[in-house]
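Asks: The file below is target01.csv, CSV, C-alpha atoms:
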chain,number,residue,atom,x,y,z
A,1,MET,CA,-8.8,93.0,1.3
A,2,GLY,CA,-9.5,95.1,4.4
A,3,LYS,CA,-7.7,98.2,5.7
A,4,VAL,CA,-3.9,97.7,6.0
A,5,VAL,CA,-2.3,99.1,9.1
A,6,LYS,CA,1.3,100.2,8.7
A,7,MET,CA,3.5,97.9,10.9
A,8,PRO,CA,6.6,99.5,12.6
A,9,ASN,CA,9.9,98.9,10.8
A,10,THR,CA,8.3,97.7,7.6
A,11,THR,CA,8.2,98.9,4.1
A,12,GLU,CA,4.8,99.0,2.3
A,13,PHE,CA,4.9,97.2,-1.0
A,14,HIS,CA,2.1,97.1,-3.6
A,15,LEU,CA,1.8,94.1,-5.9
A,16,GLY,CA,-1.4,94.6,-7.9
A,17,GLU,CA,-4.2,95.1,-5.4
A,18,LEU,CA,-2.2,93.3,-2.7
A,19,THR,CA,-0.5,95.4,-0.1
A,20,LEU,CA,2.4,93.8,1.7
A,21,GLN,CA,4.4,94.9,4.8
A,22,LEU,CA,8.0,93.9,4.1
A,23,ARG,CA,10.8,93.6,6.7
A,24,LEU,CA,14.1,92.0,5.9
A,25,ASP,CA,15.5,90.7,9.2
A,26,GLY,CA,17.8,87.7,9.8
A,27,SER,CA,14.9,85.3,10.0
A,28,ALA,CA,13.5,86.5,6.7
A,29,ILE,CA,16.9,86.3,5.0
A,30,LEU,CA,17.3,82.6,6.2
A,31,LYS,CA,13.8,81.7,5.1
A,32,ILE,CA,14.3,83.3,1.6
A,33,GLU,CA,17.7,81.7,1.0
A,34,LYS,CA,16.4,78.3,2.1
A,35,ARG,CA,13.5,78.4,-0.4
A,36,LEU,CA,15.8,79.8,-3.2
A,37,ASP,CA,18.6,77.2,-2.3
A,38,GLU,CA,21.1,80.0,-2.9
A,39,GLY,CA,22.0,83.4,-1.3
A,40,ILE,CA,20.0,86.4,-2.2
A,41,MET,CA,23.1,88.1,-3.6
A,42,GLY,CA,23.5,85.2,-6.0
A,43,LEU,CA,20.2,86.2,-7.6
A,44,PHE,CA,21.5,89.6,-8.7
A,45,VAL,CA,25.1,88.9,-9.5
A,46,LYS,CA,26.7,86.4,-11.9
A,47,LYS,CA,30.0,84.7,-10.9
A,48,GLN,CA,31.8,87.1,-13.2
A,49,GLY,CA,30.4,90.1,-11.3
A,50,GLU,CA,27.8,91.1,-13.9
A,51,VAL,CA,24.3,92.1,-12.8
A,52,LYS,CA,21.6,89.6,-13.8
A,53,LEU,CA,17.8,89.7,-13.8
A,54,PRO,CA,16.5,86.9,-11.6
A,55,PRO,CA,13.4,84.9,-12.6
A,56,ALA,CA,10.1,86.3,-11.5
A,57,ASN,CA,9.4,83.4,-9.2
A,58,SER,CA,12.6,84.1,-7.3
A,59,LEU,CA,11.5,87.7,-6.9
A,60,LEU,CA,8.1,86.5,-5.5
A,61,ILE,CA,10.0,84.3,-3.0
A,62,ILE,CA,11.8,87.4,-1.7
A,63,LEU,CA,8.5,89.2,-1.3
A,64,GLN,CA,6.9,86.2,0.4
A,65,GLY,CA,9.8,85.7,2.7
A,66,ALA,CA,10.0,89.4,3.8
A,67,ASN,CA,6.2,89.8,4.1
A,68,GLN,CA,4.9,90.5,7.6
A,69,THR,CA,1.2,90.7,6.6
A,70,SER,CA,-0.6,87.7,7.8
A,71,GLY,CA,-2.9,85.6,5.6
A,72,VAL,CA,-1.1,86.2,2.3
A,73,THR,CA,-1.0,82.9,0.5
A,74,GLU,CA,1.2,82.0,-2.4
A,75,LYS,CA,-1.9,82.1,-4.6
A,76,ALA,CA,-2.7,85.7,-3.5
A,77,LEU,CA,0.9,86.6,-4.3
A,78,VAL,CA,0.6,85.1,-7.8
A,79,GLN,CA,-2.7,86.9,-8.4
A,80,GLY,CA,-1.0,90.2,-7.2
A,81,PHE,CA,1.8,89.6,-9.6
A,82,GLU,CA,-0.6,89.0,-12.5
A,83,GLN,CA,-2.4,92.3,-11.7
A,84,TYR,CA,1.0,94.0,-11.5
A,85,ILE,CA,2.0,92.8,-15.0
A,86,GLU,CA,-1.5,93.5,-16.4
A,87,SER,CA,-1.2,97.1,-15.1
A,88,GLY,CA,1.6,97.7,-17.6
A,89,LYS,CA,4.6,97.1,-15.3
A,90,THR,CA,7.3,94.5,-16.2
A,91,THR,CA,9.5,92.1,-14.4
A,92,MET,CA,12.2,94.7,-14.7
A,93,ASN,CA,10.1,97.1,-12.7
A,94,LEU,CA,9.6,94.5,-10.0
A,95,PHE,CA,13.3,93.8,-10.0
A,96,GLU,CA,14.1,97.5,-9.5
A,97,GLU,CA,11.5,97.9,-6.7
A,98,ILE,CA,12.8,94.8,-4.9
A,99,ASN,CA,16.3,95.9,-5.4
A,100,GLN,CA,15.4,99.3,-3.8
A,101,PHE,CA,13.7,97.5,-0.9
A,102,LEU,CA,16.8,95.4,-0.3
A,103,ASP,CA,19.0,98.5,-0.5
A,104,ASP,CA,16.8,100.5,1.9
A,105,SER,CA,16.8,97.5,4.3
A,106,GLY,CA,20.6,97.6,4.4
A,107,PHE,CA,21.1,94.3,2.7
A,108,PHE,CA,23.8,95.6,0.4
A,109,GLY,CA,25.6,97.3,3.3
A,110,LYS,CA,25.4,100.8,4.9
A,111,LYS,CA,25.6,103.7,2.6
A,112,GLU,CA,28.4,106.1,3.2
A,113,THR,CA,27.5,109.7,3.5
A,114,GLU,CA,29.3,112.2,1.4
A,115,PRO,CA,31.4,114.8,3.2
A,116,GLU,CA,29.7,118.1,3.6
A,117,VAL,CA,31.0,120.6,1.0
A,118,THR,CA,31.9,124.0,2.3
A,119,SER,CA,33.1,127.2,0.6
A,120,GLY,CA,36.6,126.6,1.8
A,121,GLU,CA,36.0,128.3,5.2
A,122,SER,CA,36.8,126.3,8.3
A,123,LEU,CA,33.8,125.4,10.4
A,124,ASP,CA,36.0,125.3,13.5
A,125,LYS,CA,36.4,128.5,15.5
A,126,GLU,CA,39.9,129.7,15.3
A,127,THR,CA,41.2,131.6,18.3
A,128,GLU,CA,43.5,134.5,17.7
A,129,PRO,CA,46.6,134.7,19.8
A,130,ASP,CA,46.6,137.5,22.4
Just dump the structure as structure tokens.

Replies:
Amino acid sequence: MGKVVKMPNTTEFHLGELTLQLRLDGSAILKIEKRLDEGIMGLFVKKQGEVKLPPANSLLIILQGANQTSGVTEKALVQGFEQYIESGKTTMNLFEEINQFLDDSGFFGKKETEPEVTSGESLDKETEPD
């Protein structure tokens, strides 16, 4: 494959020798959920609230639906997955990487920032009475 140019607002994802540019926007979410015939969240959480490992083909559907790189066929995606596995990685690795992509994309909601820890001193300037 030729030189890959980083597209704005995308995440670069390597699947074997295949380089994908992923973006999870509303259109991608709808496309993915239509192919899965269930919500993306349903892939990762059982009805009882337990985390589950989705099947590899469902993970590939997420990659294909979020991919912004033109010309990537399903066959190329499967070949990339085979190379990924042959390189010593597992479906659990792929799950973790996709989970991180979804998290970074804001799919699971915005992360709350922790309050800044100080040494107990006020950061506000206190004025002394005259």

Asks: Using all atoms listed in the file, which of A:Leu20, A:Leu102, A:Leu36, A:Ala56 sits nearest Ile85 of chain A?

Replies: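 Smallest separation from Ile85 of chain A among the options: A:Ala56.
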
Asks: Measuring atom to atom with all atoms listed in the file, identify which of A:Thr10, A:Leu77, A:Asp104, A:Ser58 is nearest to Ile32 of chain A.

Replies: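 Of A:Thr10, A:Leu77, A:Asp104, A:Ser58, the one nearest Ile32 of chain A, counting all atoms listed in the file, is A:Ser58.
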
Asks: What does the distance from atom CA of Gln64 of chain A to atom CA of Asp37 of chain A come to in Å, to one decimal?

Replies: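 Straight-line distance from atom CA of Gln64 of chain A to atom CA of Asp37 of chain A works out to 15.0 Å.
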
Asks: Could you name the residues that touch Leu59 of chain A at 8 Å or less, counting all atoms listed in the file, but leaving out those on the same chain fewer than 5 positions away, as a PDB file with C-alpha atoms, in the coordinates of the input?

Replies:
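Here's the written file result_32.pdb:
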ATOM      1  CA  PRO A  54      16.500  86.900 -11.600  1.00  0.00           C
ATOM      2  CA  LEU A  94       9.600  94.500 -10.000  1.00  0.00           C
ATOM      3  CA  PHE A  95      13.300  93.800 -10.000  1.00  0.00           C
ATOM      4  CA  ILE A  98      12.800  94.800  -4.900  1.00  0.00           C
TER       5      ILE A  98
END

Asks: Which one is closest to Leu24 of chain A: A:Asn57, A:Gln68, A:Thr90, A:Thr73? Count all atoms listed in the file.

Replies: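 Nearest to Leu24 of chain A: A:Gln68.
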
Asks: Just want the 10 Å neighbourhood of Asn9 of chain A, counted on all atoms listed in the file, with same-chain residues fewer than 5 positions away dropped. Output as a PyMOL selection string.

Replies: chain A and resi 21-24+105

Asks: Rank nothing, just name the residue among A:Pro55, A:Gly71, A:Gly65, A:Gly16 nearest to Glu33 of chain A, using all atoms listed in the file.

Replies: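 Looking at the shortest contact to Glu33 of chain A, the residue is A:Gly65.
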
Asks: Quick one: of A:Tyr84, A:Gln48, A:Asn99, A:Phe108, who's nearest to Leu15 of chain A, counting only C-alpha atoms?

Replies: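 Once distances to Leu15 of chain A are computed over only C-alpha atoms, the minimum belongs to A:Tyr84.
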
Asks: If you count only C-alpha atoms, which residues fall within 9 Å of Gln83 of chain A, apart from same-chain ones fewer than 4 positions away, as a list of chain:residue names?

Replies: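 That gives A:Leu15, A:Gly16, A:Glu17, A:Val78, A:Gln79, A:Ser87, A:Gly88.
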
Asks: Can you measure atom CA of Val45 of chain A to atom CA of Glu12 of chain A for me? One decimal in Å is fine.

Replies: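 Atom-to-atom, atom CA of Val45 of chain A and atom CA of Glu12 of chain A are spaced 25.6 Å apart.
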
Asks: What does the structure give for the distance between atom CA of Phe13 of chain A and atom CA of Ile40 of chain A, in Å to one decimal?

Replies: 18.6 Å

Asks: Which residue gives the smallest distance to Thr19 of chain A among A:Glu97, A:Phe107, A:Gly80, A:Met92, with only C-alpha atoms counted?

Replies: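 Using only C-alpha atoms, the shortest distance to Thr19 of chain A belongs to A:Gly80.
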